[in-house]
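Visitor: This is my_file_27.cif, which holds mmCIF, N, CA and C atoms:
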```cif
data_upload
loop_
_atom_site.label_atom_id
_atom_site.label_comp_id
_atom_site.auth_asym_id
_atom_site.auth_seq_id
_atom_site.Cartn_x
_atom_site.Cartn_y
_atom_site.Cartn_z
N ALA A 134 -25.23 102.04 6.36
CA ALA A 134 -24.88 102.11 4.95
C ALA A 134 -25.85 103.05 4.23
N THR A 135 -25.33 103.64 3.19
CA THR A 135 -26.15 104.49 2.34
C THR A 135 -26.21 103.86 0.96
N VAL A 136 -27.41 103.72 0.42
CA VAL A 136 -27.59 103.17 -0.92
C VAL A 136 -28.03 104.31 -1.83
N HIS A 137 -27.23 104.54 -2.87
CA HIS A 137 -27.53 105.59 -3.86
C HIS A 137 -28.09 104.91 -5.10
N THR A 138 -29.07 105.50 -5.73
CA THR A 138 -29.63 104.93 -6.95
C THR A 138 -29.59 105.94 -8.08
N GLU A 139 -29.23 105.46 -9.24
CA GLU A 139 -29.31 106.21 -10.49
C GLU A 139 -30.00 105.28 -11.47
N LEU A 140 -31.30 105.43 -11.59
CA LEU A 140 -32.11 104.49 -12.36
C LEU A 140 -32.89 105.22 -13.45
N PRO A 141 -32.18 105.70 -14.47
CA PRO A 141 -32.90 106.39 -15.55
C PRO A 141 -33.77 105.41 -16.33
N GLU A 142 -34.70 105.94 -17.07
CA GLU A 142 -35.57 105.13 -17.93
C GLU A 142 -34.72 104.39 -18.95
N VAL A 143 -34.93 103.10 -19.08
CA VAL A 143 -34.23 102.28 -20.08
C VAL A 143 -35.26 101.50 -20.87
N ALA A 144 -34.82 100.94 -22.00
CA ALA A 144 -35.72 100.16 -22.85
C ALA A 144 -36.20 98.92 -22.10
N PRO A 145 -37.39 98.47 -22.41
CA PRO A 145 -37.87 97.21 -21.81
C PRO A 145 -36.96 96.05 -22.22
N ILE A 146 -36.82 95.08 -21.35
CA ILE A 146 -36.01 93.90 -21.66
C ILE A 146 -36.85 92.64 -21.52
N SER A 147 -36.41 91.59 -22.16
CA SER A 147 -37.07 90.30 -22.03
C SER A 147 -36.26 89.47 -21.04
N ALA A 148 -36.86 89.16 -19.89
CA ALA A 148 -36.15 88.42 -18.86
C ALA A 148 -37.17 87.77 -17.93
N PHE A 149 -36.70 86.80 -17.17
CA PHE A 149 -37.53 86.21 -16.13
C PHE A 149 -37.47 87.13 -14.92
N GLU A 150 -38.57 87.78 -14.61
CA GLU A 150 -38.60 88.79 -13.55
C GLU A 150 -38.05 88.27 -12.23
N GLY A 151 -38.47 87.08 -11.81
CA GLY A 151 -38.02 86.53 -10.54
C GLY A 151 -36.51 86.33 -10.49
N ARG A 152 -35.93 85.83 -11.59
CA ARG A 152 -34.48 85.63 -11.66
C ARG A 152 -33.74 86.95 -11.62
N LEU A 153 -34.26 87.92 -12.36
CA LEU A 153 -33.63 89.24 -12.40
C LEU A 153 -33.64 89.88 -11.01
N ILE A 154 -34.75 89.76 -10.32
CA ILE A 154 -34.84 90.30 -8.96
C ILE A 154 -33.87 89.57 -8.04
N GLN A 155 -33.76 88.25 -8.20
CA GLN A 155 -32.85 87.46 -7.38
C GLN A 155 -31.40 87.88 -7.60
N VAL A 156 -31.00 88.05 -8.85
CA VAL A 156 -29.63 88.46 -9.16
C VAL A 156 -29.35 89.85 -8.59
N ALA A 157 -30.26 90.79 -8.81
CA ALA A 157 -30.06 92.15 -8.30
C ALA A 157 -29.99 92.16 -6.78
N SER A 158 -30.86 91.40 -6.14
CA SER A 158 -30.87 91.31 -4.69
C SER A 158 -29.55 90.75 -4.17
N ASN A 159 -29.05 89.69 -4.82
CA ASN A 159 -27.79 89.09 -4.39
C ASN A 159 -26.62 90.06 -4.58
N LEU A 160 -26.61 90.79 -5.69
CA LEU A 160 -25.53 91.76 -5.91
C LEU A 160 -25.54 92.86 -4.85
N VAL A 161 -26.72 93.38 -4.54
CA VAL A 161 -26.82 94.42 -3.51
C VAL A 161 -26.45 93.85 -2.14
N SER A 162 -26.91 92.65 -1.84
CA SER A 162 -26.58 92.01 -0.57
C SER A 162 -25.08 91.81 -0.43
N ASN A 163 -24.43 91.33 -1.49
CA ASN A 163 -22.98 91.15 -1.45
C ASN A 163 -22.26 92.48 -1.26
N ALA A 164 -22.75 93.52 -1.92
CA ALA A 164 -22.13 94.84 -1.76
C ALA A 164 -22.27 95.34 -0.33
N LEU A 165 -23.45 95.15 0.26
CA LEU A 165 -23.66 95.56 1.64
C LEU A 165 -22.78 94.76 2.60
N ASP A 166 -22.57 93.48 2.31
CA ASP A 166 -21.68 92.67 3.13
C ASP A 166 -20.23 93.15 3.05
N ALA A 167 -19.86 93.72 1.90
CA ALA A 167 -18.47 94.10 1.66
C ALA A 167 -18.07 95.44 2.29
N ILE A 168 -19.05 96.26 2.60
CA ILE A 168 -18.70 97.60 3.08
C ILE A 168 -18.53 97.62 4.59
N ASP A 169 -17.91 98.65 5.04
CA ASP A 169 -17.67 98.84 6.46
C ASP A 169 -18.99 99.19 7.14
N GLU A 170 -19.27 98.56 8.26
CA GLU A 170 -20.53 98.78 8.96
C GLU A 170 -20.69 100.20 9.50
N SER A 171 -19.62 100.96 9.53
CA SER A 171 -19.70 102.31 10.10
C SER A 171 -20.16 103.36 9.09
N GLY A 172 -20.57 102.93 7.91
CA GLY A 172 -21.11 103.94 7.01
C GLY A 172 -20.67 103.82 5.57
N GLY A 173 -20.50 102.62 5.07
CA GLY A 173 -20.13 102.44 3.68
C GLY A 173 -21.25 102.86 2.75
N GLN A 174 -20.93 102.87 1.47
CA GLN A 174 -21.90 103.29 0.47
C GLN A 174 -22.01 102.26 -0.64
N VAL A 175 -23.21 102.15 -1.19
CA VAL A 175 -23.49 101.27 -2.31
C VAL A 175 -24.19 102.10 -3.38
N TRP A 176 -23.81 101.88 -4.63
CA TRP A 176 -24.44 102.55 -5.75
C TRP A 176 -25.11 101.51 -6.63
N LEU A 177 -26.35 101.77 -6.99
CA LEU A 177 -27.13 100.91 -7.87
C LEU A 177 -27.54 101.75 -9.07
N ARG A 178 -27.08 101.32 -10.27
CA ARG A 178 -27.33 102.10 -11.47
C ARG A 178 -27.84 101.21 -12.60
N THR A 179 -28.65 101.80 -13.45
CA THR A 179 -29.00 101.16 -14.71
C THR A 179 -28.58 102.10 -15.82
N ARG A 180 -28.26 101.50 -16.97
CA ARG A 180 -27.94 102.34 -18.13
C ARG A 180 -28.18 101.56 -19.41
N GLN A 181 -28.47 102.29 -20.44
CA GLN A 181 -28.69 101.73 -21.77
C GLN A 181 -27.34 101.67 -22.47
N GLU A 182 -27.02 100.51 -23.04
CA GLU A 182 -25.79 100.34 -23.82
C GLU A 182 -26.17 99.75 -25.17
N GLY A 183 -26.49 100.62 -26.10
CA GLY A 183 -26.98 100.16 -27.40
C GLY A 183 -28.32 99.48 -27.23
N ASP A 184 -28.40 98.22 -27.66
CA ASP A 184 -29.64 97.46 -27.53
C ASP A 184 -29.74 96.73 -26.19
N GLU A 185 -28.74 96.89 -25.34
CA GLU A 185 -28.71 96.18 -24.06
C GLU A 185 -28.89 97.14 -22.89
N VAL A 186 -29.32 96.58 -21.78
CA VAL A 186 -29.48 97.34 -20.54
C VAL A 186 -28.50 96.76 -19.53
N ALA A 187 -27.78 97.63 -18.83
CA ALA A 187 -26.82 97.19 -17.82
C ALA A 187 -27.32 97.56 -16.44
N LEU A 188 -27.11 96.66 -15.50
CA LEU A 188 -27.35 96.92 -14.09
C LEU A 188 -25.98 96.89 -13.43
N VAL A 189 -25.62 97.98 -12.77
CA VAL A 189 -24.30 98.11 -12.16
C VAL A 189 -24.49 98.29 -10.66
N VAL A 190 -23.79 97.47 -9.88
CA VAL A 190 -23.79 97.59 -8.43
C VAL A 190 -22.35 97.80 -7.99
N GLU A 191 -22.10 98.90 -7.29
CA GLU A 191 -20.76 99.21 -6.81
C GLU A 191 -20.82 99.49 -5.32
N ASP A 192 -19.69 99.27 -4.64
CA ASP A 192 -19.61 99.61 -3.23
C ASP A 192 -18.23 100.19 -2.95
N ASP A 193 -18.08 100.81 -1.78
CA ASP A 193 -16.78 101.37 -1.41
C ASP A 193 -16.07 100.51 -0.37
N GLY A 194 -16.34 99.20 -0.42
CA GLY A 194 -15.66 98.26 0.46
C GLY A 194 -14.19 98.13 0.08
N PRO A 195 -13.45 97.32 0.84
CA PRO A 195 -12.01 97.20 0.63
C PRO A 195 -11.62 96.45 -0.64
N GLY A 196 -12.54 95.82 -1.32
CA GLY A 196 -12.21 95.08 -2.53
C GLY A 196 -11.75 93.67 -2.21
N MET A 197 -11.43 92.93 -3.25
CA MET A 197 -11.01 91.55 -3.09
C MET A 197 -9.50 91.43 -3.34
N SER A 198 -8.88 90.49 -2.65
CA SER A 198 -7.46 90.22 -2.90
C SER A 198 -7.32 89.64 -4.30
N GLU A 199 -6.09 89.60 -4.83
CA GLU A 199 -5.85 89.03 -6.16
C GLU A 199 -6.30 87.58 -6.23
N VAL A 200 -6.03 86.82 -5.18
CA VAL A 200 -6.42 85.41 -5.15
C VAL A 200 -7.93 85.28 -5.22
N THR A 201 -8.64 86.07 -4.44
CA THR A 201 -10.11 86.00 -4.44
C THR A 201 -10.66 86.43 -5.80
N GLN A 202 -10.04 87.44 -6.42
CA GLN A 202 -10.49 87.87 -7.74
C GLN A 202 -10.37 86.75 -8.77
N ARG A 203 -9.25 86.02 -8.74
CA ARG A 203 -9.07 84.91 -9.69
C ARG A 203 -10.11 83.83 -9.44
N ARG A 204 -10.36 83.54 -8.19
CA ARG A 204 -11.32 82.49 -7.84
C ARG A 204 -12.76 82.91 -8.07
N SER A 205 -13.03 84.20 -8.03
CA SER A 205 -14.41 84.68 -8.08
C SER A 205 -15.12 84.39 -9.40
N SER A 206 -14.37 84.12 -10.45
CA SER A 206 -15.02 83.84 -11.73
C SER A 206 -15.48 82.38 -11.83
N ARG A 207 -15.17 81.58 -10.80
CA ARG A 207 -15.60 80.18 -10.78
C ARG A 207 -16.69 80.02 -9.72
N PRO A 208 -17.94 79.73 -10.12
CA PRO A 208 -19.02 79.62 -9.14
C PRO A 208 -18.75 78.58 -8.05
N SER A 209 -18.03 77.54 -8.37
CA SER A 209 -17.78 76.49 -7.38
C SER A 209 -16.86 76.93 -6.26
N SER A 210 -16.17 78.07 -6.44
CA SER A 210 -15.27 78.51 -5.39
C SER A 210 -15.70 79.84 -4.79
N SER A 211 -16.98 80.13 -4.85
CA SER A 211 -17.52 81.35 -4.24
C SER A 211 -17.14 81.42 -2.77
N PRO A 212 -16.85 82.62 -2.25
CA PRO A 212 -16.58 82.74 -0.82
C PRO A 212 -17.71 82.17 0.03
N ARG A 213 -18.93 82.19 -0.51
CA ARG A 213 -20.07 81.63 0.22
C ARG A 213 -20.33 80.19 -0.20
N ALA A 214 -19.60 79.73 -1.20
CA ALA A 214 -19.64 78.35 -1.67
C ALA A 214 -21.01 77.88 -2.15
N THR A 215 -21.84 78.79 -2.62
CA THR A 215 -23.12 78.37 -3.20
C THR A 215 -23.39 79.17 -4.46
N ALA A 216 -23.96 78.51 -5.43
CA ALA A 216 -24.33 79.20 -6.66
C ALA A 216 -25.39 80.26 -6.38
N ALA A 217 -26.24 80.01 -5.39
CA ALA A 217 -27.30 80.97 -5.07
C ALA A 217 -26.71 82.30 -4.63
N ALA A 218 -25.55 82.27 -4.00
CA ALA A 218 -24.91 83.52 -3.56
C ALA A 218 -24.55 84.41 -4.75
N TRP A 219 -24.39 83.78 -5.92
CA TRP A 219 -24.06 84.52 -7.13
C TRP A 219 -25.30 84.90 -7.91
N GLY A 220 -26.44 84.44 -7.46
CA GLY A 220 -27.66 84.70 -8.21
C GLY A 220 -27.87 83.67 -9.29
N TRP A 221 -27.09 82.56 -9.26
CA TRP A 221 -27.21 81.52 -10.29
C TRP A 221 -28.03 80.34 -9.83
N GLY A 222 -28.38 80.31 -8.55
CA GLY A 222 -29.06 79.10 -8.03
C GLY A 222 -30.54 79.25 -7.93
#
```
Kindly return the structure encoded in the file as structure tokens.

Guide:
Amino acid sequence: ATVHTELPEVAPISAFEGRLIQVASNLVSNALDAIDESGGQVWLRTRQEGDEVALVVEDDGPGMSEVTQRRSSRPSSSPRATAAAWGWG
């Protein structure tokens, strides 16, 4: 896999560093799990959106089925079945 980063300077934010690292790590890990082992790509970006900072993780994996997309907004039905997999645990 190839991981691309676009991390321009953004405003400082108030957050729990450990939690933020955990969420980012889980998002990247999930993206790496989703891509094809023969050479998928993951993009990690930050950007300023007004007074807020966004962290965006994208991959070129096959995506989720419609059913999985509907279920994915409910932590209790995560494909990994743990809140920690979402960065919430």

Visitor: When the PyMOL selection byres ((chain A and resi 179-182) around 6.5) is applied to the structure above, which residues does it catch, written out as JSON, numbers by chain?

Guide: {"A": [139, 140, 141, 143, 144, 177, 178, 183, 184, 185, 186, 187, 188, 189]}

Visitor: Using only N, CA and C atoms, find the one residue out of A:Gln174, A:Arg152, A:Asp169, A:Asn163 that sits nearest to His137 (chain A).

Guide: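 Selected residue with least distance to His137 (chain A): A:Gln174.
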
Visitor: Rounded to one decimal in Å, what is the spacing between CA of Asp193 (chain A) and CA of Ile168 (chain A)?

Guide: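 Going from CA of Asp193 (chain A) over to CA of Ile168 (chain A), I get 6.2 Å.
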
Visitor: Taking into account only N, CA and C atoms, which residue in the set A:Ala167, A:Ala134, A:Ala148, A:Ile154 is nearest to Pro195 (chain A)?

Guide: A:Ala167

Visitor: Using Å and a single decimal, report how far atom N of Gly172 (chain A) sits from CA of Thr135 (chain A).

Guide: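 Rounded to one decimal, the two atoms are 8.0 Å apart.
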
Visitor: One decimal, in Å: what's the spacing between CA of Ala157 (chain A) and CA of Asp192 (chain A)?

Guide: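 So the two atoms, CA of Ala157 (chain A) and CA of Asp192 (chain A), lie 13.8 Å apart.
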
Visitor: Which of these residues is nearest to Val161 (chain A), using all atoms listed in the file: A:Glu191, A:Arg207, A:Met197, A:Phe149?

Guide: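 Result for the nearest residue to Val161 (chain A): A:Glu191.
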
Visitor: Report as AutoDock Vina command-line options the centre and the edge lengths, in Å to one decimal, of the axis-aligned box holding every listed atom of region 141-148 of chain A, padded by 3 Å on each side.

Guide:
```
--center_x -35.0 --center_y 97.1 --center_z -18.7 --size_x 11.7 --size_y 24.6 --size_z 14.4
```

Visitor: Quick one: pick out all helix (DSSP H, G or I) residues within chain A from a backbone DSSP run and write them as a VMD selection string.

Guide: chain A and resid 150 to 167 199 to 205 208 to 210 216 to 219

Visitor: May I have the selected residues written with N, CA and C atoms, as a compact mmCIF listing (two decimals), keeping the file's coordinate frame?

Guide:
```
# COMPACT_ATOMS: atom_id res chain seq x y z
N GLU A 150 -38.57 87.78 -14.61
CA GLU A 150 -38.60 88.79 -13.55
C GLU A 150 -38.05 88.27 -12.23
N GLY A 151 -38.47 87.08 -11.81
CA GLY A 151 -38.02 86.53 -10.54
C GLY A 151 -36.51 86.33 -10.49
N ARG A 152 -35.93 85.83 -11.59
CA ARG A 152 -34.48 85.63 -11.66
C ARG A 152 -33.74 86.95 -11.62
N LEU A 153 -34.26 87.92 -12.36
CA LEU A 153 -33.63 89.24 -12.40
C LEU A 153 -33.64 89.88 -11.01
N ILE A 154 -34.75 89.76 -10.32
CA ILE A 154 -34.84 90.30 -8.96
C ILE A 154 -33.87 89.57 -8.04
N GLN A 155 -33.76 88.25 -8.20
CA GLN A 155 -32.85 87.46 -7.38
C GLN A 155 -31.40 87.88 -7.60
N VAL A 156 -31.00 88.05 -8.85
CA VAL A 156 -29.63 88.46 -9.16
C VAL A 156 -29.35 89.85 -8.59
N ALA A 157 -30.26 90.79 -8.81
CA ALA A 157 -30.06 92.15 -8.30
C ALA A 157 -29.99 92.16 -6.78
N SER A 158 -30.86 91.40 -6.14
CA SER A 158 -30.87 91.31 -4.69
C SER A 158 -29.55 90.75 -4.17
N ASN A 159 -29.05 89.69 -4.82
CA ASN A 159 -27.79 89.09 -4.39
C ASN A 159 -26.62 90.06 -4.58
N LEU A 160 -26.61 90.79 -5.69
CA LEU A 160 -25.53 91.76 -5.91
C LEU A 160 -25.54 92.86 -4.85
N VAL A 161 -26.72 93.38 -4.54
CA VAL A 161 -26.82 94.42 -3.51
C VAL A 161 -26.45 93.85 -2.14
N SER A 162 -26.91 92.65 -1.84
CA SER A 162 -26.58 92.01 -0.57
C SER A 162 -25.08 91.81 -0.43
N ASN A 163 -24.43 91.33 -1.49
CA ASN A 163 -22.98 91.15 -1.45
C ASN A 163 -22.26 92.48 -1.26
N ALA A 164 -22.75 93.52 -1.92
CA ALA A 164 -22.13 94.84 -1.76
C ALA A 164 -22.27 95.34 -0.33
N LEU A 165 -23.45 95.15 0.26
CA LEU A 165 -23.66 95.56 1.64
C LEU A 165 -22.78 94.76 2.60
N ASP A 166 -22.57 93.48 2.31
CA ASP A 166 -21.68 92.67 3.13
C ASP A 166 -20.23 93.15 3.05
N ALA A 167 -19.86 93.72 1.90
CA ALA A 167 -18.47 94.10 1.66
C ALA A 167 -18.07 95.44 2.29
N GLU A 199 -6.09 89.60 -4.83
CA GLU A 199 -5.85 89.03 -6.16
C GLU A 199 -6.30 87.58 -6.23
N VAL A 200 -6.03 86.82 -5.18
CA VAL A 200 -6.42 85.41 -5.15
C VAL A 200 -7.93 85.28 -5.22
N THR A 201 -8.64 86.07 -4.44
CA THR A 201 -10.11 86.00 -4.44
C THR A 201 -10.66 86.43 -5.80
N GLN A 202 -10.04 87.44 -6.42
CA GLN A 202 -10.49 87.87 -7.74
C GLN A 202 -10.37 86.75 -8.77
N ARG A 203 -9.25 86.02 -8.74
CA ARG A 203 -9.07 84.91 -9.69
C ARG A 203 -10.11 83.83 -9.44
N ARG A 204 -10.36 83.54 -8.19
CA ARG A 204 -11.32 82.49 -7.84
C ARG A 204 -12.76 82.91 -8.07
N SER A 205 -13.03 84.20 -8.03
CA SER A 205 -14.41 84.68 -8.08
C SER A 205 -15.12 84.39 -9.40
N PRO A 208 -17.94 79.73 -10.12
CA PRO A 208 -19.02 79.62 -9.14
C PRO A 208 -18.75 78.58 -8.05
N SER A 209 -18.03 77.54 -8.37
CA SER A 209 -17.78 76.49 -7.38
C SER A 209 -16.86 76.93 -6.26
N SER A 210 -16.17 78.07 -6.44
CA SER A 210 -15.27 78.51 -5.39
C SER A 210 -15.70 79.84 -4.79
N ALA A 216 -23.96 78.51 -5.43
CA ALA A 216 -24.33 79.20 -6.66
C ALA A 216 -25.39 80.26 -6.38
N ALA A 217 -26.24 80.01 -5.39
CA ALA A 217 -27.30 80.97 -5.07
C ALA A 217 -26.71 82.30 -4.63
N ALA A 218 -25.55 82.27 -4.00
CA ALA A 218 -24.91 83.52 -3.56
C ALA A 218 -24.55 84.41 -4.75
N TRP A 219 -24.39 83.78 -5.92
CA TRP A 219 -24.06 84.52 -7.13
C TRP A 219 -25.30 84.90 -7.91
```

Visitor: As a PDB file, keeping the file's coordinate frame, please: region 143-166 of chain A completed to N, CA, C and O atoms.

Guide:
```pdb
ATOM      1  N   VAL A 143     -34.930 103.100 -19.080  1.00  0.00           N
ATOM      2  CA  VAL A 143     -34.230 102.280 -20.080  1.00  0.00           C
ATOM      3  C   VAL A 143     -35.260 101.500 -20.870  1.00  0.00           C
ATOM      4  O   VAL A 143     -36.416 101.381 -20.473  1.00  0.00           O
ATOM      5  N   ALA A 144     -34.820 100.940 -22.000  1.00  0.00           N
ATOM      6  CA  ALA A 144     -35.720 100.160 -22.850  1.00  0.00           C
ATOM      7  C   ALA A 144     -36.200  98.920 -22.100  1.00  0.00           C
ATOM      8  O   ALA A 144     -35.476  98.372 -21.265  1.00  0.00           O
ATOM      9  N   PRO A 145     -37.390  98.470 -22.410  1.00  0.00           N
ATOM     10  CA  PRO A 145     -37.870  97.210 -21.810  1.00  0.00           C
ATOM     11  C   PRO A 145     -36.960  96.050 -22.220  1.00  0.00           C
ATOM     12  O   PRO A 145     -36.393  96.061 -23.311  1.00  0.00           O
ATOM     13  N   ILE A 146     -36.820  95.080 -21.350  1.00  0.00           N
ATOM     14  CA  ILE A 146     -36.010  93.900 -21.660  1.00  0.00           C
ATOM     15  C   ILE A 146     -36.850  92.640 -21.520  1.00  0.00           C
ATOM     16  O   ILE A 146     -37.873  92.638 -20.831  1.00  0.00           O
ATOM     17  N   SER A 147     -36.410  91.590 -22.160  1.00  0.00           N
ATOM     18  CA  SER A 147     -37.070  90.300 -22.030  1.00  0.00           C
ATOM     19  C   SER A 147     -36.260  89.470 -21.040  1.00  0.00           C
ATOM     20  O   SER A 147     -35.089  89.168 -21.295  1.00  0.00           O
ATOM     21  N   ALA A 148     -36.860  89.160 -19.890  1.00  0.00           N
ATOM     22  CA  ALA A 148     -36.150  88.420 -18.860  1.00  0.00           C
ATOM     23  C   ALA A 148     -37.170  87.770 -17.930  1.00  0.00           C
ATOM     24  O   ALA A 148     -38.336  88.142 -17.919  1.00  0.00           O
ATOM     25  N   PHE A 149     -36.700  86.800 -17.170  1.00  0.00           N
ATOM     26  CA  PHE A 149     -37.530  86.210 -16.130  1.00  0.00           C
ATOM     27  C   PHE A 149     -37.470  87.130 -14.920  1.00  0.00           C
ATOM     28  O   PHE A 149     -36.405  87.262 -14.291  1.00  0.00           O
ATOM     29  N   GLU A 150     -38.570  87.780 -14.610  1.00  0.00           N
ATOM     30  CA  GLU A 150     -38.600  88.790 -13.550  1.00  0.00           C
ATOM     31  C   GLU A 150     -38.050  88.270 -12.230  1.00  0.00           C
ATOM     32  O   GLU A 150     -37.228  88.926 -11.579  1.00  0.00           O
ATOM     33  N   GLY A 151     -38.470  87.080 -11.810  1.00  0.00           N
ATOM     34  CA  GLY A 151     -38.020  86.530 -10.540  1.00  0.00           C
ATOM     35  C   GLY A 151     -36.510  86.330 -10.490  1.00  0.00           C
ATOM     36  O   GLY A 151     -35.866  86.624  -9.492  1.00  0.00           O
ATOM     37  N   ARG A 152     -35.930  85.830 -11.590  1.00  0.00           N
ATOM     38  CA  ARG A 152     -34.480  85.630 -11.660  1.00  0.00           C
ATOM     39  C   ARG A 152     -33.740  86.950 -11.620  1.00  0.00           C
ATOM     40  O   ARG A 152     -32.720  87.091 -10.967  1.00  0.00           O
ATOM     41  N   LEU A 153     -34.260  87.920 -12.360  1.00  0.00           N
ATOM     42  CA  LEU A 153     -33.630  89.240 -12.400  1.00  0.00           C
ATOM     43  C   LEU A 153     -33.640  89.880 -11.010  1.00  0.00           C
ATOM     44  O   LEU A 153     -32.638  90.442 -10.564  1.00  0.00           O
ATOM     45  N   ILE A 154     -34.750  89.760 -10.320  1.00  0.00           N
ATOM     46  CA  ILE A 154     -34.840  90.300  -8.960  1.00  0.00           C
ATOM     47  C   ILE A 154     -33.870  89.570  -8.040  1.00  0.00           C
ATOM     48  O   ILE A 154     -33.191  90.187  -7.216  1.00  0.00           O
ATOM     49  N   GLN A 155     -33.760  88.250  -8.200  1.00  0.00           N
ATOM     50  CA  GLN A 155     -32.850  87.460  -7.380  1.00  0.00           C
ATOM     51  C   GLN A 155     -31.400  87.880  -7.600  1.00  0.00           C
ATOM     52  O   GLN A 155     -30.635  88.071  -6.648  1.00  0.00           O
ATOM     53  N   VAL A 156     -31.000  88.050  -8.850  1.00  0.00           N
ATOM     54  CA  VAL A 156     -29.630  88.460  -9.160  1.00  0.00           C
ATOM     55  C   VAL A 156     -29.350  89.850  -8.590  1.00  0.00           C
ATOM     56  O   VAL A 156     -28.328  90.066  -7.939  1.00  0.00           O
ATOM     57  N   ALA A 157     -30.260  90.790  -8.810  1.00  0.00           N
ATOM     58  CA  ALA A 157     -30.060  92.150  -8.300  1.00  0.00           C
ATOM     59  C   ALA A 157     -29.990  92.160  -6.780  1.00  0.00           C
ATOM     60  O   ALA A 157     -29.136  92.819  -6.183  1.00  0.00           O
ATOM     61  N   SER A 158     -30.860  91.400  -6.140  1.00  0.00           N
ATOM     62  CA  SER A 158     -30.870  91.310  -4.690  1.00  0.00           C
ATOM     63  C   SER A 158     -29.550  90.750  -4.170  1.00  0.00           C
ATOM     64  O   SER A 158     -28.982  91.245  -3.197  1.00  0.00           O
ATOM     65  N   ASN A 159     -29.050  89.690  -4.820  1.00  0.00           N
ATOM     66  CA  ASN A 159     -27.790  89.090  -4.390  1.00  0.00           C
ATOM     67  C   ASN A 159     -26.620  90.060  -4.580  1.00  0.00           C
ATOM     68  O   ASN A 159     -25.727  90.135  -3.729  1.00  0.00           O
ATOM     69  N   LEU A 160     -26.610  90.790  -5.690  1.00  0.00           N
ATOM     70  CA  LEU A 160     -25.530  91.760  -5.910  1.00  0.00           C
ATOM     71  C   LEU A 160     -25.540  92.860  -4.850  1.00  0.00           C
ATOM     72  O   LEU A 160     -24.493  93.230  -4.312  1.00  0.00           O
ATOM     73  N   VAL A 161     -26.720  93.380  -4.540  1.00  0.00           N
ATOM     74  CA  VAL A 161     -26.820  94.420  -3.510  1.00  0.00           C
ATOM     75  C   VAL A 161     -26.450  93.850  -2.140  1.00  0.00           C
ATOM     76  O   VAL A 161     -25.708  94.474  -1.373  1.00  0.00           O
ATOM     77  N   SER A 162     -26.910  92.650  -1.840  1.00  0.00           N
ATOM     78  CA  SER A 162     -26.580  92.010  -0.570  1.00  0.00           C
ATOM     79  C   SER A 162     -25.080  91.810  -0.430  1.00  0.00           C
ATOM     80  O   SER A 162     -24.489  92.079   0.630  1.00  0.00           O
ATOM     81  N   ASN A 163     -24.430  91.330  -1.490  1.00  0.00           N
ATOM     82  CA  ASN A 163     -22.980  91.150  -1.450  1.00  0.00           C
ATOM     83  C   ASN A 163     -22.260  92.480  -1.260  1.00  0.00           C
ATOM     84  O   ASN A 163     -21.269  92.556  -0.528  1.00  0.00           O
ATOM     85  N   ALA A 164     -22.750  93.520  -1.920  1.00  0.00           N
ATOM     86  CA  ALA A 164     -22.130  94.840  -1.760  1.00  0.00           C
ATOM     87  C   ALA A 164     -22.270  95.340  -0.330  1.00  0.00           C
ATOM     88  O   ALA A 164     -21.326  95.860   0.265  1.00  0.00           O
ATOM     89  N   LEU A 165     -23.450  95.150   0.260  1.00  0.00           N
ATOM     90  CA  LEU A 165     -23.660  95.560   1.640  1.00  0.00           C
ATOM     91  C   LEU A 165     -22.780  94.760   2.600  1.00  0.00           C
ATOM     92  O   LEU A 165     -22.279  95.298   3.592  1.00  0.00           O
ATOM     93  N   ASP A 166     -22.570  93.480   2.310  1.00  0.00           N
ATOM     94  CA  ASP A 166     -21.680  92.670   3.130  1.00  0.00           C
ATOM     95  C   ASP A 166     -20.230  93.150   3.050  1.00  0.00           C
ATOM     96  O   ASP A 166     -19.457  92.982   3.992  1.00  0.00           O
TER      97      ASP A 166
END
```
